[in-house]
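Asks: Attaching a single structure in structure tokens format; questions to follow.
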2 protein chains.
Amino acid sequence: MEKFDVHILGCGSALPTTRHFPTSQVVNLRDKLFMIDCGEGTQMQFRRSKLKFSRLNHIFISHLHGDHCFGLPGLISTFGMLGRTAELCIHAHKDMSKYLDPVLDYFCQHLPYKVTLIPFGTKKPELIYEDRSLTVTTIPLKHRVPCCGFLFEEKAERNHIIRDMIDFYQVPVSQMNRIKNGEDFITPEGEVVPNSRLTIPATPPRRYAYCSDTIYTEKIVDQIQGVDLLFHEATFTQAELPRAKETYHTTARQAAQIALTANVKKLLLGHFSARYEDDLIFLQEAKEIFPVCQLAKEGLYINI
Amino acid sequence: MEKFDVHILGCGSALPTTRHFPTSQVVNLRDKLFMIDCGEGTQMQFRRSKLKFSRLNHIFISHLHGDHCFGLPGLISTFGMLGRTAELCIHAHKDMSKYLDPVLDYFCQHLPYKVTLIPFGTKKPELIYEDRSLTVTTIPLKHRVPCCGFLFEEKAERNHIIRDMIDFYQVPVSQMNRIKNGEDFITPEGEVVPNSRLTIPATPPRRYAYCSDTIYTEKIVDQIQGVDLLFHEATFTQAELPRAKETYHTTARQAAQIALTANVKKLLLGHFSARYEDDLIFLQEAKEIFPVCQLAKEGLYINI
């Protein structure tokens, strides 16, 4: 199966601790890298991950709070010093330019590559990236500032042909595309060979949903229905529900409820508040509702 | 002796590695903290150091390259979230406002404390901080952009009186200030009691010089003559001398030469280029010229 990994570079919240860096992740799909959020220290964590800097061409920023974007100037500068020439696309709310333009103007005047800001709206899902094997769509969230999660969806592969059967039935090359697309084969004698005898189905496309930062909202459920992996923020435990509501964050219990309602295959919790000494409390709370659950931590990677 | 420590938070250069954070240090004089430079990740390293955030009121930025100041937005935001109310003074080149003002305007509109930029010139030494026990003076350096080091100097303490002798000679309270300042005591009978019989000398004032980033320049020698500790950048080894000159940096051998010429008591090397796998090469090279030499590393603190 083709590579589809999620690497956690940081999973703390606004106040970094000695255990957690602020938010950043890298999605590795077939050795193309996609970064989600870029908190302070991301470039150091990225280097620790041993992933190749040069494979990253797109960064998606969920919202303009410092713990999700203060790592961008350092990362961009470092890429320049390493002699990068390929364009780097940063997908974010339009205000990103207010933050980044002055920094780049002052510190990165002679950058050997182009940084392109690609703004997205945050009111409704938008397709913001597409290539041969992947689409990325925004997931509108509810936070104190405009904020979106991201849905990474593999494109469906075509069926794989069974070479011996193709030879046996002497399927002409001109028919191969139709066979791969699932059509039956009709022999010159009029015999119908069902597609299932000629091909094996491709692995179903996989989906990863990243949802941070957000208050509990069931509006996202339709869009993330049945994803293979859901990363959902769990800044607080249920004991701090009032604080979660006040700051537009989610509790671990609420994150598990979303996972259950959306019938996802696996839940990954993160964006932990600095107030908790031990993250296990999030896991225990979530597992009461949704057992296929794991805690994010720096250096973790999950194969989807 | 009163506390006078230097804590290394980061001692790498522009490209961070898995071993080194970019530049930041904290000087702790009698539990008042003074930060020098603030590269990305400084707030995390600061937290690891166990030093108290609330004891820091002054930050000195040597120059406006990202690896010396990209940690400021995160640090300032975090202080705000922790409810800081005391003014934070940032001493830097006047262009600091071009970088910091837009960031603070966007991300820190409701900061519960005041951030004050205090610009300094970089052409000649300027006294930029003074309190009862300390002065901080800039050390003009030669780098690709305007850049200064910093000289931390304890103020001389007055002599300590020997209580028993004061009582014995019945020195009146009105004379005590003069005695502490080193004058002799003349008894009502005209007998001269030498000051050395009445007091013990205070410990001599200590001095710490921070010199980074800079090309080799002997112009700094007079100002740092005989300091107790000299931190000097050693970005390269002598084998990379052409590269050091080209980028306005210093080799380990050159840093040792400065230490020798300035007759300092101890040399601390840092700002190591990412190209070296093992920092020991800097130490070996410097020790051939100046043996009282140590390598900076993250988490190290030195008592002066």
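Residues are named by chain letter and number: chains run A, B, ... in the order of the structure tokens, numbers start at 1 in each chain, and ligands are numbered from 1 in the order shown.
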Please check the contacts: residues of chain A at most 9 Å away from chain B, using only C-alpha atoms, listed as a PDB file with N, CA and C atoms, in the first residue's frame.
Replies:
```
ATOM      1  N   ALA A  14      -1.437  26.651  23.382  1.00  0.00           N
ATOM      2  CA  ALA A  14      -0.798  27.966  23.296  1.00  0.00           C
ATOM      3  C   ALA A  14       0.442  28.104  24.176  1.00  0.00           C
ATOM      4  N   LEU A  15       0.398  27.562  25.372  1.00  0.00           N
ATOM      5  CA  LEU A  15       1.566  27.654  26.245  1.00  0.00           C
ATOM      6  C   LEU A  15       2.439  26.431  26.061  1.00  0.00           C
ATOM      7  N   PRO A  16       3.606  26.573  25.467  1.00  0.00           N
ATOM      8  CA  PRO A  16       4.468  25.400  25.335  1.00  0.00           C
ATOM      9  C   PRO A  16       4.989  24.948  26.700  1.00  0.00           C
ATOM     10  N   THR A  17       5.275  23.680  26.808  1.00  0.00           N
ATOM     11  CA  THR A  17       5.777  23.122  28.059  1.00  0.00           C
ATOM     12  C   THR A  17       7.106  22.445  27.748  1.00  0.00           C
ATOM     13  N   THR A  18       7.696  21.832  28.751  1.00  0.00           N
ATOM     14  CA  THR A  18       8.916  21.086  28.470  1.00  0.00           C
ATOM     15  C   THR A  18       8.586  19.774  27.760  1.00  0.00           C
ATOM     16  N   HIS A  20       5.742  19.485  25.462  1.00  0.00           N
ATOM     17  CA  HIS A  20       5.072  19.672  24.174  1.00  0.00           C
ATOM     18  C   HIS A  20       5.510  20.945  23.442  1.00  0.00           C
ATOM     19  N   PHE A  21       5.751  20.802  22.167  1.00  0.00           N
ATOM     20  CA  PHE A  21       5.898  21.941  21.260  1.00  0.00           C
ATOM     21  C   PHE A  21       4.498  22.381  20.840  1.00  0.00           C
ATOM     22  N   GLU A  40       5.961  27.637  16.834  1.00  0.00           N
ATOM     23  CA  GLU A  40       7.378  27.907  17.115  1.00  0.00           C
ATOM     24  C   GLU A  40       8.135  26.598  17.367  1.00  0.00           C
ATOM     25  N   GLY A  41       9.278  26.459  16.743  1.00  0.00           N
ATOM     26  CA  GLY A  41      10.096  25.267  16.950  1.00  0.00           C
ATOM     27  C   GLY A  41       9.850  24.181  15.913  1.00  0.00           C
ATOM     28  N   GLN A  43      10.622  23.928  12.769  1.00  0.00           N
ATOM     29  CA  GLN A  43      11.755  23.539  11.936  1.00  0.00           C
ATOM     30  C   GLN A  43      12.707  22.590  12.682  1.00  0.00           C
ATOM     31  N   MET A  44      12.845  22.766  13.991  1.00  0.00           N
ATOM     32  CA  MET A  44      13.705  21.851  14.752  1.00  0.00           C
ATOM     33  C   MET A  44      13.069  20.459  14.822  1.00  0.00           C
ATOM     34  N   GLN A  45      11.768  20.440  15.047  1.00  0.00           N
ATOM     35  CA  GLN A  45      11.062  19.165  15.134  1.00  0.00           C
ATOM     36  C   GLN A  45      11.027  18.464  13.771  1.00  0.00           C
ATOM     37  N   ARG A  47      13.311  18.710  11.517  1.00  0.00           N
ATOM     38  CA  ARG A  47      14.632  18.130  11.316  1.00  0.00           C
ATOM     39  C   ARG A  47      14.780  16.823  12.098  1.00  0.00           C
ATOM     40  N   ARG A  48      14.260  16.834  13.326  1.00  0.00           N
ATOM     41  CA  ARG A  48      14.327  15.606  14.141  1.00  0.00           C
ATOM     42  C   ARG A  48      13.578  14.454  13.492  1.00  0.00           C
ATOM     43  N   LEU A  64      -4.911  31.940  12.518  1.00  0.00           N
ATOM     44  CA  LEU A  64      -3.821  32.851  12.836  1.00  0.00           C
ATOM     45  C   LEU A  64      -3.706  33.107  14.343  1.00  0.00           C
ATOM     46  N   HIS A  65      -3.425  32.058  15.082  1.00  0.00           N
ATOM     47  CA  HIS A  65      -2.960  32.216  16.451  1.00  0.00           C
ATOM     48  C   HIS A  65      -1.485  31.804  16.461  1.00  0.00           C
ATOM     49  N   GLY A  66      -0.721  32.474  17.319  1.00  0.00           N
ATOM     50  CA  GLY A  66       0.727  32.314  17.300  1.00  0.00           C
ATOM     51  C   GLY A  66       1.188  30.873  17.418  1.00  0.00           C
ATOM     52  N   ASP A  67       0.497  30.083  18.237  1.00  0.00           N
ATOM     53  CA  ASP A  67       0.944  28.700  18.447  1.00  0.00           C
ATOM     54  C   ASP A  67       0.708  27.819  17.222  1.00  0.00           C
ATOM     55  N   PHE A  70       3.822  30.744  14.415  1.00  0.00           N
ATOM     56  CA  PHE A  70       5.052  31.487  14.730  1.00  0.00           C
ATOM     57  C   PHE A  70       6.330  30.769  14.289  1.00  0.00           C
ATOM     58  N   GLY A  71       6.201  29.558  13.778  1.00  0.00           N
ATOM     59  CA  GLY A  71       7.382  28.864  13.276  1.00  0.00           C
ATOM     60  C   GLY A  71       7.667  29.141  11.799  1.00  0.00           C
ATOM     61  N   PRO A  73       8.407  32.030   9.985  1.00  0.00           N
ATOM     62  CA  PRO A  73       9.583  32.807   9.559  1.00  0.00           C
ATOM     63  C   PRO A  73      10.887  32.008   9.629  1.00  0.00           C
ATOM     64  N   GLY A  74      11.066  31.254  10.704  1.00  0.00           N
ATOM     65  CA  GLY A  74      12.293  30.465  10.836  1.00  0.00           C
ATOM     66  C   GLY A  74      12.383  29.376   9.781  1.00  0.00           C
ATOM     67  N   SER A  77      13.132  31.005   6.371  1.00  0.00           N
ATOM     68  CA  SER A  77      14.536  31.445   6.317  1.00  0.00           C
ATOM     69  C   SER A  77      15.473  30.263   6.123  1.00  0.00           C
ATOM     70  N   THR A  78      15.233  29.222   6.893  1.00  0.00           N
ATOM     71  CA  THR A  78      16.097  28.041   6.822  1.00  0.00           C
ATOM     72  C   THR A  78      16.061  27.414   5.439  1.00  0.00           C
ATOM     73  N   MET A  81      18.335  29.379   3.308  1.00  0.00           N
ATOM     74  CA  MET A  81      19.757  29.121   3.551  1.00  0.00           C
ATOM     75  C   MET A  81      20.188  27.783   2.982  1.00  0.00           C
ATOM     76  N   LEU A  82      19.252  26.857   2.904  1.00  0.00           N
ATOM     77  CA  LEU A  82      19.573  25.540   2.354  1.00  0.00           C
ATOM     78  C   LEU A  82      19.511  25.541   0.827  1.00  0.00           C
ATOM     79  N   LYS A  98      -0.757  39.910   6.366  1.00  0.00           N
ATOM     80  CA  LYS A  98      -0.473  40.988   7.320  1.00  0.00           C
ATOM     81  C   LYS A  98       0.659  40.609   8.254  1.00  0.00           C
ATOM     82  N   TYR A  99       0.708  39.324   8.605  1.00  0.00           N
ATOM     83  CA  TYR A  99       1.754  38.839   9.500  1.00  0.00           C
ATOM     84  C   TYR A  99       3.041  38.581   8.734  1.00  0.00           C
ATOM     85  N   LEU A 100       2.917  37.856   7.644  1.00  0.00           N
ATOM     86  CA  LEU A 100       4.122  37.318   7.008  1.00  0.00           C
ATOM     87  C   LEU A 100       4.840  38.322   6.108  1.00  0.00           C
ATOM     88  N   PRO A 102       5.492  41.637   6.256  1.00  0.00           N
ATOM     89  CA  PRO A 102       6.541  42.478   6.864  1.00  0.00           C
ATOM     90  C   PRO A 102       7.769  41.671   7.284  1.00  0.00           C
ATOM     91  N   VAL A 103       7.554  40.463   7.776  1.00  0.00           N
ATOM     92  CA  VAL A 103       8.685  39.627   8.207  1.00  0.00           C
ATOM     93  C   VAL A 103       9.547  39.247   7.008  1.00  0.00           C
ATOM     94  N   TYR A 106      11.538  42.186   5.620  1.00  0.00           N
ATOM     95  CA  TYR A 106      12.717  42.609   6.383  1.00  0.00           C
ATOM     96  C   TYR A 106      13.810  41.539   6.399  1.00  0.00           C
ATOM     97  N   PHE A 107      13.425  40.284   6.608  1.00  0.00           N
ATOM     98  CA  PHE A 107      14.425  39.246   6.864  1.00  0.00           C
ATOM     99  C   PHE A 107      14.767  38.392   5.653  1.00  0.00           C
TER     100      PHE A 107
END
```
Asks: Write out chain B, as a short mmCIF file (atom, residue, chain, number, x, y, z; two decimals) with C-alpha atoms, in the first residue's frame, after superposing it onto chain A by least squares using every C-alpha atom paired in order.
Replies:
```
data_model
loop_
_atom_site.label_atom_id
_atom_site.label_comp_id
_atom_site.auth_asym_id
_atom_site.auth_seq_id
_atom_site.Cartn_x
_atom_site.Cartn_y
_atom_site.Cartn_z
CA MET B 1 -0.03 0.02 0.03
CA GLU B 2 1.24 3.50 -0.78
CA LYS B 3 2.65 5.51 2.08
CA PHE B 4 0.15 7.69 3.97
CA ASP B 5 1.60 8.74 7.34
CA VAL B 6 0.90 11.51 9.82
CA HIS B 7 3.92 12.79 11.79
CA ILE B 8 3.32 14.77 14.96
CA LEU B 9 5.91 17.56 15.33
CA GLY B 10 4.08 19.33 18.14
CA CYS B 11 0.80 18.75 19.96
CA GLY B 12 0.74 21.25 22.81
CA SER B 13 -1.50 24.29 22.92
CA ALA B 14 -0.79 27.99 23.29
CA LEU B 15 1.57 27.66 26.25
CA PRO B 16 4.49 25.41 25.34
CA THR B 17 5.80 23.14 28.08
CA THR B 18 8.91 21.09 28.50
CA ARG B 19 6.90 18.14 27.13
CA HIS B 20 5.07 19.68 24.21
CA PHE B 21 5.91 21.94 21.29
CA PRO B 22 3.08 24.02 19.84
CA THR B 23 1.08 22.57 16.97
CA SER B 24 2.57 21.17 13.79
CA GLN B 25 2.11 17.99 11.80
CA VAL B 26 3.39 16.60 8.53
CA VAL B 27 1.28 14.37 6.29
CA ASN B 28 3.42 12.13 4.10
CA LEU B 29 1.50 10.82 1.09
CA ARG B 30 3.75 8.82 -1.25
CA ASP B 31 6.76 10.89 -0.16
CA LYS B 32 5.10 14.19 -0.91
CA LEU B 33 5.00 16.12 2.38
CA PHE B 34 2.21 18.46 3.49
CA MET B 35 2.57 20.49 6.67
CA ILE B 36 -0.40 21.38 8.85
CA ASP B 37 0.24 24.36 11.11
CA CYS B 38 3.68 25.60 12.03
CA GLY B 39 4.12 26.63 15.66
CA GLU B 40 7.39 27.90 17.11
CA GLY B 41 10.09 25.25 16.95
CA THR B 42 8.56 23.39 14.01
CA GLN B 43 11.75 23.52 11.95
CA MET B 44 13.69 21.84 14.76
CA GLN B 45 11.05 19.15 15.15
CA PHE B 46 10.88 18.72 11.39
CA ARG B 47 14.61 18.09 11.34
CA ARG B 48 14.31 15.58 14.16
CA SER B 49 11.65 13.69 12.21
CA LYS B 50 14.25 12.90 9.50
CA LEU B 51 11.70 13.84 6.84
CA LYS B 52 13.20 15.59 3.81
CA PHE B 53 12.69 19.37 3.81
CA SER B 54 12.78 19.38 0.00
CA ARG B 55 9.70 17.17 -0.21
CA LEU B 56 7.53 19.87 1.36
CA ASN B 57 5.79 22.27 -1.05
CA HIS B 58 2.53 23.05 0.73
CA ILE B 59 1.79 24.31 4.23
CA PHE B 60 -1.76 24.57 5.53
CA ILE B 61 -2.38 26.95 8.44
CA SER B 62 -5.64 26.36 10.32
CA HIS B 63 -5.85 29.82 11.88
CA LEU B 64 -3.83 32.85 12.83
CA HIS B 65 -2.96 32.23 16.45
CA GLY B 66 0.73 32.31 17.29
CA ASP B 67 0.96 28.71 18.44
CA HIS B 68 -0.08 27.64 14.93
CA CYS B 69 2.12 29.92 12.81
CA PHE B 70 5.05 31.47 14.71
CA GLY B 71 7.39 28.83 13.26
CA LEU B 72 6.92 30.04 9.67
CA PRO B 73 9.59 32.78 9.56
CA GLY B 74 12.29 30.41 10.83
CA LEU B 75 11.25 27.60 8.53
CA ILE B 76 11.13 29.88 5.48
CA SER B 77 14.54 31.41 6.30
CA THR B 78 16.10 28.01 6.82
CA PHE B 79 14.78 26.71 3.50
CA GLY B 80 16.40 29.74 1.89
CA MET B 81 19.76 29.08 3.54
CA LEU B 82 19.57 25.48 2.35
CA GLY B 83 19.29 26.75 -1.23
CA ARG B 84 15.69 25.82 -1.90
CA THR B 85 14.48 26.92 -5.33
CA ALA B 86 11.00 25.35 -5.50
CA GLU B 87 7.98 27.51 -4.77
CA LEU B 88 6.50 27.11 -1.29
CA CYS B 89 2.72 27.51 -1.08
CA ILE B 90 1.15 28.61 2.18
CA HIS B 91 -2.59 28.08 2.37
CA ALA B 92 -4.17 30.22 5.07
CA HIS B 93 -6.68 32.88 5.97
CA LYS B 94 -6.09 36.04 3.93
CA ASP B 95 -4.73 37.89 6.98
CA MET B 96 -1.63 35.71 6.80
CA SER B 97 -0.12 38.36 4.53
CA LYS B 98 -0.46 40.98 7.29
CA TYR B 99 1.76 38.82 9.47
CA LEU B 100 4.14 37.30 6.98
CA ASP B 101 4.75 40.06 4.44
CA PRO B 102 6.56 42.45 6.84
CA VAL B 103 8.71 39.60 8.18
CA LEU B 104 9.67 38.37 4.73
CA ASP B 105 10.29 41.93 3.53
CA TYR B 106 12.74 42.57 6.35
CA PHE B 107 14.45 39.21 6.86
CA CYS B 108 14.10 37.36 3.56
CA GLN B 109 14.80 39.89 0.84
CA HIS B 110 17.07 37.57 -1.10
CA LEU B 111 15.22 34.32 -0.72
CA PRO B 112 16.19 32.01 -3.59
CA TYR B 113 12.64 30.71 -3.95
CA LYS B 114 9.11 32.04 -4.06
CA VAL B 115 6.70 31.99 -1.12
CA THR B 116 3.11 32.13 -2.34
CA LEU B 117 0.21 32.82 -0.01
CA ILE B 118 -2.98 31.15 -1.16
CA PRO B 119 -5.93 32.42 0.89
CA PHE B 120 -8.97 30.30 1.64
CA GLY B 121 -12.39 31.20 2.99
CA THR B 122 -13.48 29.70 6.29
CA LYS B 123 -17.28 29.69 5.97
CA LYS B 124 -17.79 26.56 3.89
CA PRO B 125 -15.68 23.61 2.72
CA GLU B 126 -13.29 24.59 -0.09
CA LEU B 127 -11.14 22.34 -2.24
CA ILE B 128 -7.75 23.97 -1.70
CA TYR B 129 -5.33 21.39 -3.11
CA GLU B 130 -5.48 18.67 -5.71
CA ASP B 131 -2.99 16.46 -7.47
CA ARG B 132 -3.11 13.04 -9.15
CA SER B 133 -3.55 11.16 -5.90
CA LEU B 134 -4.85 13.59 -3.29
CA THR B 135 -7.34 16.32 -2.53
CA VAL B 136 -7.29 18.64 0.48
CA THR B 137 -10.54 20.30 1.54
CA THR B 138 -11.10 22.77 4.36
CA ILE B 139 -13.33 21.80 7.29
CA PRO B 140 -14.92 24.96 8.72
CA LEU B 141 -14.48 25.05 12.50
CA LYS B 142 -15.73 27.35 15.25
CA HIS B 143 -12.99 29.17 17.12
CA ARG B 144 -12.33 32.67 18.43
CA VAL B 145 -10.87 33.65 15.05
CA PRO B 146 -11.62 32.28 11.56
CA CYS B 147 -10.40 28.69 11.56
CA CYS B 148 -10.50 25.59 9.38
CA GLY B 149 -9.47 22.00 9.72
CA PHE B 150 -8.31 20.01 6.73
CA LEU B 151 -9.54 16.81 5.10
CA PHE B 152 -6.89 14.84 3.22
CA GLU B 153 -8.49 12.37 0.80
CA GLU B 154 -6.70 9.92 -1.41
CA LYS B 155 -8.20 9.64 -4.85
CA ALA B 156 -9.67 6.28 -5.74
CA GLU B 157 -7.25 4.14 -7.67
CA ARG B 158 -8.42 2.12 -10.62
CA ASN B 159 -8.66 -1.65 -10.37
CA HIS B 160 -5.46 -3.62 -10.87
CA ILE B 161 -5.55 -5.96 -13.87
CA ILE B 162 -4.73 -9.65 -13.51
CA ARG B 163 -2.18 -10.05 -16.26
CA ASP B 164 -2.67 -13.82 -16.73
CA MET B 165 -6.42 -13.45 -17.22
CA ILE B 166 -5.97 -10.55 -19.64
CA ASP B 167 -3.64 -12.75 -21.67
CA PHE B 168 -5.94 -15.73 -21.43
CA TYR B 169 -8.94 -13.82 -22.82
CA GLN B 170 -6.70 -11.95 -25.26
CA VAL B 171 -8.10 -8.57 -24.19
CA PRO B 172 -6.92 -6.01 -26.77
CA VAL B 173 -4.91 -3.03 -25.57
CA SER B 174 -7.70 -0.69 -26.73
CA GLN B 175 -10.03 -2.18 -24.11
CA MET B 176 -7.65 -1.95 -21.17
CA ASN B 177 -8.75 1.48 -19.87
CA ARG B 178 -12.36 0.35 -19.74
CA ILE B 179 -11.42 -2.86 -17.93
CA LYS B 180 -9.41 -0.89 -15.34
CA ASN B 181 -12.44 1.35 -14.85
CA GLY B 182 -14.53 -1.68 -13.91
CA GLU B 183 -16.31 -2.64 -17.12
CA ASP B 184 -16.81 -6.25 -18.19
CA PHE B 185 -15.11 -7.65 -21.31
CA ILE B 186 -17.10 -9.02 -24.21
CA THR B 187 -15.15 -11.49 -26.37
CA PRO B 188 -15.43 -11.41 -30.20
CA GLU B 189 -17.68 -14.45 -29.75
CA GLY B 190 -20.08 -12.43 -27.53
CA GLU B 191 -19.10 -14.11 -24.24
CA VAL B 192 -19.29 -11.74 -21.25
CA VAL B 193 -16.26 -11.98 -18.96
CA PRO B 194 -17.16 -10.24 -15.69
CA ASN B 195 -14.69 -7.55 -14.56
CA SER B 196 -14.17 -9.33 -11.26
CA ARG B 197 -12.45 -12.17 -13.18
CA LEU B 198 -10.04 -9.74 -14.88
CA THR B 199 -9.11 -7.35 -12.07
CA ILE B 200 -8.61 -7.07 -8.37
CA PRO B 201 -10.11 -4.02 -6.71
CA ALA B 202 -7.79 -1.21 -5.70
CA THR B 203 -7.45 -0.49 -2.00
CA PRO B 204 -10.22 1.91 -1.00
CA PRO B 205 -9.06 5.54 -0.79
CA ARG B 206 -7.99 6.63 2.68
CA ARG B 207 -8.96 9.83 4.47
CA TYR B 208 -7.39 11.88 7.26
CA ALA B 209 -9.22 14.71 9.01
CA TYR B 210 -7.45 17.36 11.11
CA CYS B 211 -9.74 19.41 13.37
CA SER B 212 -8.05 22.03 15.56
CA ASP B 213 -8.80 24.53 17.13
CA THR B 214 -12.54 24.39 17.69
CA ILE B 215 -15.36 24.41 20.16
CA TYR B 216 -17.49 21.24 20.11
CA THR B 217 -19.47 21.36 16.88
CA GLU B 218 -21.44 18.59 15.20
CA LYS B 219 -21.46 20.54 11.97
CA ILE B 220 -18.23 18.81 11.00
CA VAL B 221 -19.67 15.30 11.38
CA ASP B 222 -20.99 14.88 7.84
CA GLN B 223 -17.72 15.93 6.29
CA ILE B 224 -15.52 13.64 8.38
CA GLN B 225 -17.93 10.67 8.37
CA GLY B 226 -16.00 7.40 8.50
CA VAL B 227 -12.50 8.83 8.04
CA ASP B 228 -9.62 6.44 8.69
CA LEU B 229 -8.04 8.83 11.18
CA LEU B 230 -9.46 11.86 12.92
CA PHE B 231 -7.12 14.23 14.73
CA HIS B 232 -9.30 16.28 17.03
CA GLU B 233 -8.19 18.84 19.54
CA ALA B 234 -8.79 18.00 23.21
CA THR B 235 -7.44 21.05 24.98
CA PHE B 236 -9.26 20.31 28.23
CA THR B 237 -10.92 17.51 30.15
CA GLN B 238 -14.64 17.51 30.86
CA ALA B 239 -14.04 18.99 34.32
CA GLU B 240 -12.99 22.19 32.52
CA LEU B 241 -15.98 22.29 30.18
CA PRO B 242 -16.88 25.89 31.06
CA ARG B 243 -13.33 26.97 30.28
CA ALA B 244 -13.43 24.99 27.03
CA LYS B 245 -16.61 26.77 25.94
CA GLU B 246 -15.29 30.14 26.98
CA THR B 247 -12.10 29.73 24.96
CA TYR B 248 -13.75 27.90 22.04
CA HIS B 249 -11.95 24.63 22.67
CA THR B 250 -13.05 21.00 23.07
CA THR B 251 -12.80 18.50 25.92
CA ALA B 252 -11.46 14.97 25.42
CA ARG B 253 -14.94 13.60 26.06
CA GLN B 254 -16.44 15.86 23.41
CA ALA B 255 -13.76 14.90 20.89
CA ALA B 256 -14.63 11.24 21.51
CA GLN B 257 -18.31 12.05 21.02
CA ILE B 258 -17.53 13.56 17.62
CA ALA B 259 -15.49 10.48 16.69
CA LEU B 260 -18.38 8.23 17.72
CA THR B 261 -21.03 10.24 15.90
CA ALA B 262 -18.90 10.46 12.76
CA ASN B 263 -18.13 6.77 12.98
CA VAL B 264 -14.42 7.31 12.33
CA LYS B 265 -12.01 4.38 12.38
CA LYS B 266 -9.53 5.93 14.80
CA LEU B 267 -9.24 9.04 16.95
CA LEU B 268 -6.00 10.90 17.68
CA LEU B 269 -6.13 13.50 20.46
CA GLY B 270 -3.89 16.55 20.74
CA HIS B 271 -3.55 20.29 21.48
CA PHE B 272 -3.26 19.54 25.18
CA SER B 273 -3.41 22.42 27.62
CA ALA B 274 -0.27 23.06 29.66
CA ARG B 275 -2.27 22.77 32.87
CA TYR B 276 -2.27 18.95 32.80
CA GLU B 277 0.79 17.20 34.17
CA ASP B 278 -0.11 13.85 32.62
CA ASP B 279 -1.87 13.50 29.26
CA LEU B 280 -3.25 10.06 30.17
CA ILE B 281 -6.27 11.79 31.70
CA PHE B 282 -7.36 12.77 28.17
CA LEU B 283 -7.06 9.18 26.96
CA GLN B 284 -9.02 7.72 29.86
CA GLU B 285 -11.81 10.21 29.40
CA ALA B 286 -12.07 9.73 25.64
CA LYS B 287 -11.91 5.93 25.78
CA GLU B 288 -15.06 5.78 27.86
CA ILE B 289 -16.89 7.06 24.79
CA PHE B 290 -14.72 5.93 21.91
CA PRO B 291 -12.16 3.20 22.58
CA VAL B 292 -10.06 3.34 19.37
CA CYS B 293 -8.22 6.34 20.59
CA GLN B 294 -4.60 7.43 20.90
CA LEU B 295 -2.70 10.40 22.30
CA ALA B 296 -0.58 12.51 20.00
CA LYS B 297 2.97 13.08 21.11
CA GLU B 298 6.06 14.65 19.62
CA GLY B 299 7.87 12.21 17.34
CA LEU B 300 4.85 9.92 16.91
CA TYR B 301 3.88 8.90 13.42
CA ILE B 302 0.81 6.97 12.45
CA ASN B 303 0.37 4.98 9.29
CA ILE B 304 -3.13 5.34 7.90
#
```
Asks: As number ranges by chain, list the residues of range 175-215 of chain A assigned to strand (DSSP E or B) by DSSP on the backbone atoms of this structure.
Replies: A: 185-186, 192-193, 199-200, 207-211
Asks: Using the chain letters and numbers from this document, which residues of range 139-279 of chain A does DSSP assign to helix (DSSP H, G or I), as a count of residues only?
Replies: 44
